[in-house]
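The next block holds one structure in the form of C-alpha cells; read it before the comments.
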There are 2 protein chains.
Amino acid sequence: MSDRKGGQVRRFRLDLGYDGTDFHGWARQPGLRTVQGTLEEAVGLLLGSGSRFDLVVAGRTDAGVHARHQVAHVDIPDTARLFQGPDGGVQTAAELIERRLGSLLRRDPDLVVHGVQEVDESFDARFSATGRRYVYRVADAQSVSDPLRRRDTLVLGHVRLDEDAVAEASAALLGYHDWAAFAKPRDGATTWRTLREFSWNRDGSGVLEASVAADAFCHHMVRYLVGAALAAGRGVHTAQTLVRIRDSGVHGRGITVVPAHGLTLVDVTYPSSAAECWAQAQRARARRSPGTSETSRG
Amino acid sequence: MSDRKGGQVRRFRLDLGYDGTDFHGWARQPGLRTVQGTLEEAVGLLLGSGSRFDLVVAGRTDAGVHARHQVAHVDIPDTARLFQGPDGGVQTAAELIERRLGSLLRRDPDLVVHGVQEVDESFDARFSATGRRYVYRVADAQSVSDPLRRRDTLVLGHVRLDEDAVAEASAALLGYHDWAAFAKPRDGATTWRTLREFSWNRDGSGVLEASVAADAFCHHMVRYLVGAALAAGRGVHTAQTLVRIRDSGVHGRGITVVPAHGLTLVDVTYPSSAAECWAQAQRARARRSPGTSETSRG
C-alpha cells in the first residue's frame with residue numbers, strides 16, 4: 001500500500017489503554033503531555049530520527065478521560081530500518097513493534113499498548129469503526145466510595161439519585177437523532193448519531209456505572225448525556241423535558257456536562273471483513289468532514 | 001461504659017476505606033504518613049487539644065495494602081466537648097462525628113470514612129471480628145492490563161499461568177491448620193487459622209482476582225498464600241508440595257510473598273448480636289496474645 005505521497009507504507013493497528021489523569025487528552029499539543037504525543041515519541045524512537053509516520057485514532061479523548069480499550073493505526077514507510085533488521089526473520093513486524101513499544105513505554109505506567117497487528121489499507125482506526133462504548137462511574141449517597149477508584153469515579157457525596165428516573169431518562173434518549181443540543185458546538189460537522197445503548201447498573205460497591213454506546217459521538221456528547229440523566233435522577237428534569245431539549249437542537253439549554261475523570265472509553269468495534277471495513281470507512285468519510293475532529297470524541 | 005482507668009467513655013465504630021499506595025501501612029509510626037496516624041490526627045482535631053482516645057482496628061494492613069472496607073473502633077471520653085455542643089440535640093453523636101470527620105478528611109482523598117455508629121462495649125473491632133476477606137489482583141499474559149488499575153494489580157506481563165493448577169493448589173490449602181510456614185515469624189502468637197475461602201476468577205479484562213477469607217490472618221499470610229498459588233500456576237510447585245510445605249510448619253521453604261500493592265481488604269464480618277460479639281471477643285482474646293499485632297494482618 002502507498003501513502004498520500006505515493007511512498008510504500010505498511011499499516012499497523014495498535015490497541016492501547018491509558019490512565020488519562022495526568023495527560024492533557026489524546027491530541028498532540030506543543031509543550032503538553034498528551035497520549036498522542038507520548039505514543040508518537042515512542043514510535044519515533046522505534047523508527048529512528050527523521051522518520052515520518054501518520055497516527056490515526058478511533059476516539060480522540062479529552063483531558064482527564066481514560067481508555068481501557070482505544071484503537072489507533074500507524075502507517076510506517078516500507079523503508080524503515082525496523083523492517084530490515086536481523087530480528088525481522090524471527091518475529092513478524094507486528095511482534096517486533098509490540099515488543100519494542102512495550103520496552104519504550106515501560107517507564108510510563110500511564111500508557112500500555114495491549115497489542116499490535118499488521119492490517120491492510122481497508123482498515124482505518126477512525127473511519128472503519130462502527131461503534132464506540134464508554135463507561136461513566138458515579139458514586140452517590142448509596143455507594144461506598146472507594147479511594148482506590150477516585151481517578152475514574154465522580155463522587156456526589158450526599159446526593160440521593162432516583163435510579164428509576166435515571167433509567168427512564170436514559171432509555172428515552174436512545175435512537176438516531178441530531179445531538180447538537182448535547183454537543184460542544186463545532187462548525188461544519190454533522191451532529192446526527194445513533195445512541196444505541198444508555199443503561200445503568202450498580203456495581204458491588206453500589207457505584208452507578210453508565211454504559212453508553214453509539215456509532216460515534218459528538219464532542220462532549222457522553223458527558224452531556226450523563227449530565228442529563230443525573231439531572232433526571234436529582235428531579236431537575238423529566239425524561240420528557242430532556243427529549244424536548246434534545247429535539248430543540250439548541251445547545252446550552254439547561255444541560256451541564258459532568259467532569260471528565262469519570263469517563264472511560266472501553267470498546268471500539270470494527271466490521272469483521274476487510275471489505276466491510278473499507279465500505280464503512282467510505283460511508284463515514286462521506287458523512288463527516290475529515291478536517292474536523294468531532295467524530296468520535298466522548 | 002468505662003475505660004481502663006475508670007473514666008466514662010462512649011464507643012464508636014468507624015467503617016473506612018483507603019488507597020494504601022502512599023501510606024506506610026496502618027500502624028502509627030513517628031514521622032511517617034500512616035492510615036492510623038492520619039485518622040488519629042483527624043479524631044484529635046475533632047475532640048480538641050489534650051484529648052485522649054484509643055483506636056483499635058480489625059486488620060492492621062502493611063505498607064501499600066489497600067482497604068475497600070476496614071473497621072475500627074474508638075473510645076471517646078464522655079466529657080468531650082463534642083457531646084456538649086448545640087449540635088448534640090439535632091444529630092446523634094455518631095452523625096456528628098461522621099460529618100466532622102468527613103470534613104476533616106476531605107483534603108485527603110486517600111482515606112474515606114464510610115460510616116460511624118455508636119456501639120456498646122461488647123463490640124471490639126479487632127477481637128469481635130469473626131472473619132476477614134481480602135482480594136488480590138494479578139494480570140498475566142491473558143489479561144488486558146489497565147493503567148487505571150495499576151495501583152491495585154500485580155502485572156506479570158508475559159507469564160502464562162495455568163489456571164487449573166492455581167485453583168487446585170488454592171483449594172488444597174483450605175481448612176484449619178498451623179500456618180507458621182506461610183507467615184512472617186513472630187514470637188508468642190498462635191499461627192493456627194481457618195482458611196475458609198481461596199478462590200480465583202477472571203474479571204472482564206481477564207485479570208485474575210483471588211478472594212481469600214479466614215477467621216483471621218497471620219502476618220503476610222495472604223501474600224504467602226497468593227505466592228504459593230502463583231508458584232503452582234507457573235509449574236514451580238504442585239498442590240501436594242504446597243500442602244507439605246504448609247504442614248512442615250517451617251517458614252521460608254520455597255514460598256515467596258507477592259508484592260503488597262495487589263492486596264485489598266474488602267470485608268470484615270461480626271456477629272449480629274451484642275452477646276455473640278462479646279463471646280467472640282472473649283474467645284479471640286484467650287486464643288491470641290493481645291500484646292502481639294499479628295492477629296489480623298494480610
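In the C-alpha cells, chains take the letters A, B, ... in the order shown, each chain's residues start at 1, and ligands count up from 1 in the order shown.
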Return as CSV the residues of chain A lying at most 6 Å from chain B, together with the closest atom-to-atom pair for each and the distance in Å to one decimal, counting only C-alpha atoms, with rows in chain order and ascending residue number.
residue,atom,partner,partner_atom,distance
A:Tyr18,CA,B:Pro147,CA,5.4
A:Asp19,CA,B:Leu148,CA,4.8
A:Arg68,CA,B:Asp146,CA,6.0
A:Asp110,CA,B:Pro147,CA,5.3
A:Asp146,CA,B:Arg68,CA,5.9
A:Pro147,CA,B:Asp19,CA,5.3
A:Leu148,CA,B:Asp19,CA,4.8
Post-fit chain A coords, all in-order Cα pairs vs chain B, as a tab-separated table (two decimals) with C-alpha atoms, in the first residue's frame:
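Written file, part16.tsv:
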chain	number	residue	atom	x	y	z
A	1	MET	CA	-19.17	2.16	79.77
A	2	SER	CA	-15.82	2.96	81.31
A	3	ASP	CA	-12.25	2.87	80.04
A	4	ARG	CA	-9.31	1.07	81.64
A	5	LYS	CA	-8.74	3.94	84.03
A	6	GLY	CA	-12.38	4.02	85.13
A	7	GLY	CA	-13.40	7.17	83.17
A	8	GLN	CA	-16.71	7.11	81.33
A	9	VAL	CA	-16.37	6.64	77.54
A	10	ARG	CA	-18.60	6.14	74.56
A	11	ARG	CA	-17.55	3.71	71.81
A	12	PHE	CA	-17.95	4.40	68.08
A	13	ARG	CA	-17.46	2.01	65.18
A	14	LEU	CA	-15.80	3.55	62.09
A	15	ASP	CA	-16.12	1.92	58.66
A	16	LEU	CA	-13.46	3.17	56.28
A	17	GLY	CA	-11.60	2.65	53.02
A	18	TYR	CA	-8.20	3.76	51.75
A	19	ASP	CA	-5.81	3.74	48.85
A	20	GLY	CA	-2.72	2.34	50.56
A	21	THR	CA	-0.27	3.40	47.83
A	22	ASP	CA	1.02	6.48	49.62
A	23	PHE	CA	0.59	5.30	53.24
A	24	HIS	CA	3.29	3.49	55.22
A	25	GLY	CA	0.66	0.94	56.27
A	26	TRP	CA	-1.93	1.15	59.03
A	27	ALA	CA	0.11	1.41	62.22
A	28	ARG	CA	1.20	4.79	63.56
A	29	GLN	CA	4.94	5.43	63.04
A	30	PRO	CA	6.80	8.57	64.05
A	31	GLY	CA	7.44	10.86	61.10
A	32	LEU	CA	5.67	8.64	58.55
A	33	ARG	CA	2.25	9.06	56.94
A	34	THR	CA	0.15	6.08	58.05
A	35	VAL	CA	-3.60	5.42	58.00
A	36	GLN	CA	-3.83	5.23	61.79
A	37	GLY	CA	-1.77	8.40	62.17
A	38	THR	CA	-3.93	10.29	59.67
A	39	LEU	CA	-7.17	9.08	61.26
A	40	GLU	CA	-5.97	9.82	64.81
A	41	GLU	CA	-4.95	13.30	63.76
A	42	ALA	CA	-8.49	13.91	62.46
A	43	VAL	CA	-10.10	12.47	65.60
A	44	GLY	CA	-7.74	14.60	67.69
A	45	LEU	CA	-8.82	17.76	65.84
A	46	LEU	CA	-12.43	16.72	66.32
A	47	LEU	CA	-12.02	16.28	70.07
A	48	GLY	CA	-9.77	19.27	70.69
A	49	SER	CA	-6.33	19.58	72.19
A	50	GLY	CA	-5.31	17.34	75.05
A	51	SER	CA	-7.92	14.73	74.17
A	52	ARG	CA	-7.21	11.06	74.83
A	53	PHE	CA	-8.74	8.20	72.95
A	54	ASP	CA	-7.96	4.64	71.87
A	55	LEU	CA	-8.25	3.50	68.24
A	56	VAL	CA	-8.50	-0.25	67.58
A	57	VAL	CA	-8.58	-1.77	64.08
A	58	ALA	CA	-9.81	-5.06	62.60
A	59	GLY	CA	-6.95	-5.61	60.13
A	60	ARG	CA	-3.58	-3.88	60.53
A	61	THR	CA	-2.58	-3.62	56.89
A	62	ASP	CA	1.04	-3.34	55.74
A	63	ALA	CA	2.56	-0.54	53.66
A	64	GLY	CA	0.99	-0.48	50.18
A	65	VAL	CA	-2.02	-2.66	51.08
A	66	HIS	CA	-5.43	-1.10	50.39
A	67	ALA	CA	-8.80	-1.37	52.12
A	68	ARG	CA	-12.18	-1.09	50.48
A	69	HIS	CA	-13.76	-1.93	53.83
A	70	GLN	CA	-11.82	-1.69	57.05
A	71	VAL	CA	-13.38	-1.41	60.52
A	72	ALA	CA	-12.03	0.36	63.61
A	73	HIS	CA	-13.48	1.48	66.93
A	74	VAL	CA	-12.63	4.47	69.06
A	75	ASP	CA	-13.48	5.18	72.71
A	76	ILE	CA	-14.19	8.84	73.34
A	77	PRO	CA	-14.42	10.29	76.87
A	78	ASP	CA	-17.98	11.16	77.83
A	79	THR	CA	-16.71	14.59	78.84
A	80	ALA	CA	-15.59	15.49	75.27
A	81	ARG	CA	-16.79	18.94	74.10
A	82	LEU	CA	-18.23	17.19	71.10
A	83	PHE	CA	-21.06	15.74	73.20
A	84	GLN	CA	-21.94	19.08	74.78
A	85	GLY	CA	-22.29	21.31	71.74
A	86	PRO	CA	-25.59	22.70	70.44
A	87	ASP	CA	-25.45	20.24	67.54
A	88	GLY	CA	-25.94	17.41	70.00
A	89	GLY	CA	-29.68	17.81	70.07
A	90	VAL	CA	-30.16	17.88	66.29
A	91	GLN	CA	-27.97	14.99	65.29
A	92	THR	CA	-26.87	11.84	67.03
A	93	ALA	CA	-23.28	11.85	68.24
A	94	ALA	CA	-22.41	9.28	65.53
A	95	GLU	CA	-23.86	11.53	62.78
A	96	LEU	CA	-21.93	14.48	64.16
A	97	ILE	CA	-18.66	12.51	64.21
A	98	GLU	CA	-19.25	11.18	60.68
A	99	ARG	CA	-19.94	14.65	59.31
A	100	ARG	CA	-16.99	16.30	61.07
A	101	LEU	CA	-14.54	13.51	60.19
A	102	GLY	CA	-15.77	13.78	56.59
A	103	SER	CA	-14.95	17.49	56.58
A	104	LEU	CA	-11.56	17.00	58.23
A	105	LEU	CA	-10.57	14.24	55.77
A	106	ARG	CA	-11.90	15.98	52.65
A	107	ARG	CA	-8.42	17.24	51.82
A	108	ASP	CA	-7.04	13.69	51.92
A	109	PRO	CA	-8.57	11.74	49.02
A	110	ASP	CA	-6.64	8.59	50.03
A	111	LEU	CA	-8.83	7.94	53.09
A	112	VAL	CA	-12.64	7.89	53.36
A	113	VAL	CA	-14.83	7.23	56.41
A	114	HIS	CA	-17.92	5.45	55.05
A	115	GLY	CA	-19.92	5.45	58.25
A	116	VAL	CA	-19.93	5.91	62.03
A	117	GLN	CA	-22.18	4.07	64.51
A	118	GLU	CA	-22.31	4.23	68.30
A	119	VAL	CA	-21.85	0.70	69.71
A	120	ASP	CA	-21.68	-0.76	73.18
A	121	GLU	CA	-18.59	-2.22	74.77
A	122	SER	CA	-19.43	-5.75	73.61
A	123	PHE	CA	-18.21	-4.65	70.16
A	124	ASP	CA	-14.45	-4.80	69.62
A	125	ALA	CA	-13.29	-4.02	66.06
A	126	ARG	CA	-10.38	-6.44	66.43
A	127	PHE	CA	-11.48	-9.23	68.73
A	128	SER	CA	-15.20	-9.43	67.88
A	129	ALA	CA	-14.48	-9.91	64.17
A	130	THR	CA	-15.28	-13.45	63.03
A	131	GLY	CA	-13.91	-13.12	59.51
A	132	ARG	CA	-11.75	-11.07	57.17
A	133	ARG	CA	-11.76	-11.21	53.39
A	134	TYR	CA	-9.06	-9.93	51.04
A	135	VAL	CA	-8.84	-9.67	47.26
A	136	TYR	CA	-5.56	-9.98	45.34
A	137	ARG	CA	-5.39	-8.94	41.66
A	138	VAL	CA	-2.92	-10.44	39.15
A	139	ALA	CA	-2.64	-9.52	35.45
A	140	ASP	CA	-0.88	-12.27	33.47
A	141	ALA	CA	-0.32	-12.76	29.74
A	142	GLN	CA	-4.05	-13.43	29.22
A	143	SER	CA	-5.11	-10.13	30.81
A	144	VAL	CA	-5.60	-6.77	29.18
A	145	SER	CA	-3.66	-4.72	31.71
A	146	ASP	CA	-5.36	-1.47	32.63
A	147	PRO	CA	-3.15	1.50	33.63
A	148	LEU	CA	-6.05	2.82	35.73
A	149	ARG	CA	-5.84	-0.25	37.98
A	150	ARG	CA	-2.05	-0.46	38.27
A	151	ARG	CA	-2.25	0.68	41.91
A	152	ASP	CA	-4.04	-2.50	42.97
A	153	THR	CA	-2.87	-5.04	40.39
A	154	LEU	CA	0.31	-7.13	40.19
A	155	VAL	CA	1.34	-7.19	36.51
A	156	LEU	CA	3.17	-10.38	35.49
A	157	GLY	CA	3.52	-9.32	31.86
A	158	HIS	CA	4.25	-12.34	29.72
A	159	VAL	CA	3.76	-15.05	32.36
A	160	ARG	CA	1.14	-17.62	31.34
A	161	LEU	CA	-0.49	-18.99	34.47
A	162	ASP	CA	-2.09	-22.44	34.44
A	163	GLU	CA	-5.45	-21.54	35.95
A	164	ASP	CA	-6.38	-25.12	36.79
A	165	ALA	CA	-3.16	-25.56	38.76
A	166	VAL	CA	-3.79	-22.25	40.57
A	167	ALA	CA	-7.31	-23.34	41.50
A	168	GLU	CA	-6.23	-26.83	42.56
A	169	ALA	CA	-3.44	-25.55	44.80
A	170	SER	CA	-5.70	-22.93	46.37
A	171	ALA	CA	-8.44	-25.46	47.17
A	172	ALA	CA	-5.90	-27.93	48.59
A	173	LEU	CA	-4.76	-25.38	51.18
A	174	LEU	CA	-8.22	-24.73	52.73
A	175	GLY	CA	-9.07	-25.58	56.33
A	176	TYR	CA	-7.91	-25.25	59.95
A	177	HIS	CA	-4.12	-25.52	60.02
A	178	ASP	CA	-0.97	-24.16	61.58
A	179	TRP	CA	0.15	-21.49	59.08
A	180	ALA	CA	3.64	-20.88	60.53
A	181	ALA	CA	5.16	-21.82	57.15
A	182	PHE	CA	3.02	-19.13	55.46
A	183	ALA	CA	3.61	-16.32	57.96
A	184	LYS	CA	6.30	-13.84	58.84
A	185	PRO	CA	7.56	-15.25	62.14
A	186	ARG	CA	6.55	-13.52	65.38
A	187	ASP	CA	7.12	-14.66	68.92
A	188	GLY	CA	4.41	-15.89	71.20
A	189	ALA	CA	1.39	-15.75	68.90
A	190	THR	CA	-0.66	-18.67	67.63
A	191	THR	CA	-0.45	-19.35	63.90
A	192	TRP	CA	-3.51	-21.66	63.76
A	193	ARG	CA	-6.16	-20.21	61.49
A	194	THR	CA	-9.10	-21.45	59.41
A	195	LEU	CA	-8.70	-20.65	55.71
A	196	ARG	CA	-12.34	-20.65	54.59
A	197	GLU	CA	-12.11	-19.45	51.02
A	198	PHE	CA	-9.31	-19.24	48.47
A	199	SER	CA	-10.84	-19.00	45.00
A	200	TRP	CA	-9.92	-17.27	41.74
A	201	ASN	CA	-11.91	-15.59	38.98
A	202	ARG	CA	-11.02	-13.65	35.85
A	203	ASP	CA	-12.73	-10.26	35.64
A	204	GLY	CA	-13.92	-8.54	32.46
A	205	SER	CA	-10.35	-7.57	31.50
A	206	GLY	CA	-9.04	-11.08	32.14
A	207	VAL	CA	-7.36	-10.08	35.41
A	208	LEU	CA	-7.19	-12.94	37.94
A	209	GLU	CA	-8.77	-11.98	41.25
A	210	ALA	CA	-8.17	-14.14	44.31
A	211	SER	CA	-10.78	-14.00	47.07
A	212	VAL	CA	-9.19	-15.13	50.35
A	213	ALA	CA	-11.21	-15.44	53.58
A	214	ALA	CA	-10.32	-16.67	57.07
A	215	ASP	CA	-11.29	-16.10	60.69
A	216	ALA	CA	-8.08	-14.05	60.92
A	217	PHE	CA	-4.75	-13.99	59.12
A	218	CYS	CA	-1.16	-14.25	60.34
A	219	HIS	CA	1.25	-11.53	59.31
A	220	HIS	CA	1.84	-11.67	55.49
A	221	MET	CA	-0.29	-14.83	55.26
A	222	VAL	CA	-2.45	-13.72	52.30
A	223	ARG	CA	0.64	-12.68	50.37
A	224	TYR	CA	2.29	-16.07	51.06
A	225	LEU	CA	-0.90	-17.89	50.01
A	226	VAL	CA	-1.10	-15.97	46.73
A	227	GLY	CA	2.63	-16.53	46.16
A	228	ALA	CA	2.08	-20.26	46.67
A	229	ALA	CA	-0.87	-20.41	44.24
A	230	LEU	CA	1.08	-18.47	41.60
A	231	ALA	CA	4.03	-20.87	42.04
A	232	ALA	CA	1.59	-23.68	41.22
A	233	GLY	CA	0.31	-21.70	38.23
A	234	ARG	CA	3.87	-21.36	36.89
A	235	GLY	CA	4.58	-25.06	37.40
A	236	VAL	CA	7.15	-24.45	40.16
A	237	HIS	CA	5.23	-26.36	42.86
A	238	THR	CA	2.39	-28.89	42.83
A	239	ALA	CA	-0.60	-28.63	45.19
A	240	GLN	CA	0.84	-31.63	47.09
A	241	THR	CA	4.19	-29.89	47.61
A	242	LEU	CA	2.45	-26.78	48.91
A	243	VAL	CA	0.40	-28.83	51.38
A	244	ARG	CA	3.62	-30.52	52.58
A	245	ILE	CA	5.30	-27.12	53.00
A	246	ARG	CA	2.31	-25.86	54.98
A	247	ASP	CA	2.27	-28.97	57.19
A	248	SER	CA	6.02	-28.77	57.83
A	249	GLY	CA	5.35	-25.63	59.84
A	250	VAL	CA	8.76	-24.36	58.76
A	251	HIS	CA	8.93	-20.82	57.40
A	252	GLY	CA	10.91	-19.94	54.29
A	253	ARG	CA	10.72	-23.22	52.36
A	254	GLY	CA	10.39	-22.05	48.79
A	255	ILE	CA	7.33	-19.83	49.11
A	256	THR	CA	7.77	-16.14	48.39
A	257	VAL	CA	5.36	-13.34	49.23
A	258	VAL	CA	3.79	-11.37	46.42
A	259	PRO	CA	4.06	-7.53	46.48
A	260	ALA	CA	1.73	-5.58	48.78
A	261	HIS	CA	0.05	-3.35	46.18
A	262	GLY	CA	-2.13	-6.12	44.67
A	263	LEU	CA	-3.82	-6.71	48.04
A	264	THR	CA	-7.06	-5.10	49.27
A	265	LEU	CA	-9.02	-5.78	52.46
A	266	VAL	CA	-12.62	-5.93	51.25
A	267	ASP	CA	-14.69	-7.18	54.17
A	268	VAL	CA	-14.71	-7.70	57.95
A	269	THR	CA	-17.59	-9.65	59.49
A	270	TYR	CA	-19.03	-9.51	63.01
A	271	PRO	CA	-21.71	-11.51	64.84
A	272	SER	CA	-25.13	-9.91	64.61
A	273	SER	CA	-25.87	-9.80	68.34
A	274	ALA	CA	-24.04	-7.98	71.14
A	275	ALA	CA	-23.87	-11.19	73.17
A	276	GLU	CA	-22.12	-13.02	70.34
A	277	CYS	CA	-19.75	-10.05	69.79
A	278	TRP	CA	-18.81	-10.24	73.44
A	279	ALA	CA	-18.36	-14.02	73.43
A	280	GLN	CA	-16.28	-13.88	70.24
A	281	ALA	CA	-14.04	-11.18	71.73
A	282	GLN	CA	-13.51	-13.31	74.86
A	283	ARG	CA	-12.58	-16.37	72.77
A	284	ALA	CA	-10.26	-14.41	70.47
A	285	ARG	CA	-8.50	-12.68	73.39
A	286	ALA	CA	-7.95	-16.03	75.09
A	287	ARG	CA	-6.46	-17.60	71.94
A	288	ARG	CA	-4.26	-14.76	70.84
A	289	SER	CA	-1.86	-12.68	72.81
A	290	PRO	CA	-3.27	-9.13	72.84
A	291	GLY	CA	0.23	-7.70	73.03
A	292	THR	CA	1.12	-8.99	69.58
A	293	SER	CA	-0.09	-7.43	66.41
A	294	GLU	CA	-0.22	-10.44	64.11
A	295	THR	CA	-3.87	-11.12	64.65
A	296	SER	CA	-5.47	-9.84	61.56
A	297	ARG	CA	-2.84	-8.77	59.14
A	298	GLY	CA	-2.94	-9.62	55.46
Write out as an NGL selection string all residues of segment 97-175 of chain B that DSSP puts in strand (DSSP E) for this structure's backbone. :B and (111-119 or 131-139 or 154-155 or 175)
Save the residues we just selected, N, CA and C atoms, as a short mmCIF file (atom, residue, chain, number, x, y, z; two decimals), in the first residue's frame?
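Output (part_21.cif):
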data_model
loop_
_atom_site.label_atom_id
_atom_site.label_comp_id
_atom_site.auth_asym_id
_atom_site.auth_seq_id
_atom_site.Cartn_x
_atom_site.Cartn_y
_atom_site.Cartn_z
N LEU B 111 -8.15 8.54 51.94
CA LEU B 111 -8.83 7.93 53.08
C LEU B 111 -10.27 8.43 53.18
N VAL B 112 -11.21 7.50 53.27
CA VAL B 112 -12.62 7.88 53.36
C VAL B 112 -13.27 7.15 54.53
N VAL B 113 -14.03 7.87 55.37
CA VAL B 113 -14.83 7.21 56.41
C VAL B 113 -16.23 7.01 55.84
N HIS B 114 -16.61 5.75 55.67
CA HIS B 114 -17.91 5.44 55.06
C HIS B 114 -19.07 5.64 56.02
N GLY B 115 -18.81 5.36 57.31
CA GLY B 115 -19.91 5.44 58.25
C GLY B 115 -19.43 5.36 59.68
N VAL B 116 -20.22 5.93 60.59
CA VAL B 116 -19.92 5.91 62.02
C VAL B 116 -21.18 5.46 62.76
N GLN B 117 -21.04 4.52 63.69
CA GLN B 117 -22.17 4.07 64.51
C GLN B 117 -21.74 4.04 65.96
N GLU B 118 -22.64 4.41 66.87
CA GLU B 118 -22.32 4.23 68.29
C GLU B 118 -22.62 2.77 68.64
N VAL B 119 -21.69 2.13 69.34
CA VAL B 119 -21.85 0.71 69.70
C VAL B 119 -21.61 0.56 71.20
N GLY B 131 -14.49 -12.81 60.82
CA GLY B 131 -13.90 -13.12 59.53
C GLY B 131 -13.35 -11.89 58.83
N ARG B 132 -12.31 -12.12 58.03
CA ARG B 132 -11.75 -11.07 57.18
C ARG B 132 -11.64 -11.63 55.76
N ARG B 133 -11.90 -10.77 54.78
CA ARG B 133 -11.75 -11.21 53.39
C ARG B 133 -10.89 -10.21 52.63
N TYR B 134 -9.94 -10.75 51.88
CA TYR B 134 -9.05 -9.93 51.05
C TYR B 134 -9.21 -10.33 49.58
N VAL B 135 -8.91 -9.38 48.70
CA VAL B 135 -8.83 -9.67 47.26
C VAL B 135 -7.41 -9.38 46.82
N TYR B 136 -6.86 -10.25 45.95
CA TYR B 136 -5.55 -9.98 45.35
C TYR B 136 -5.69 -10.04 43.83
N ARG B 137 -5.23 -9.03 43.12
CA ARG B 137 -5.39 -8.94 41.66
C ARG B 137 -4.07 -9.18 40.92
N VAL B 138 -4.12 -10.08 39.93
CA VAL B 138 -2.93 -10.44 39.15
C VAL B 138 -3.26 -10.36 37.66
N ALA B 139 -2.51 -9.56 36.91
CA ALA B 139 -2.65 -9.52 35.45
C ALA B 139 -1.53 -10.37 34.84
N LEU B 154 -1.04 -6.64 40.46
CA LEU B 154 0.31 -7.12 40.17
C LEU B 154 0.36 -7.51 38.70
N VAL B 155 1.26 -6.89 37.93
CA VAL B 155 1.34 -7.19 36.49
C VAL B 155 2.48 -8.17 36.26
N GLY B 175 -8.82 -24.87 55.08
CA GLY B 175 -9.05 -25.59 56.33
C GLY B 175 -8.32 -25.01 57.54
#
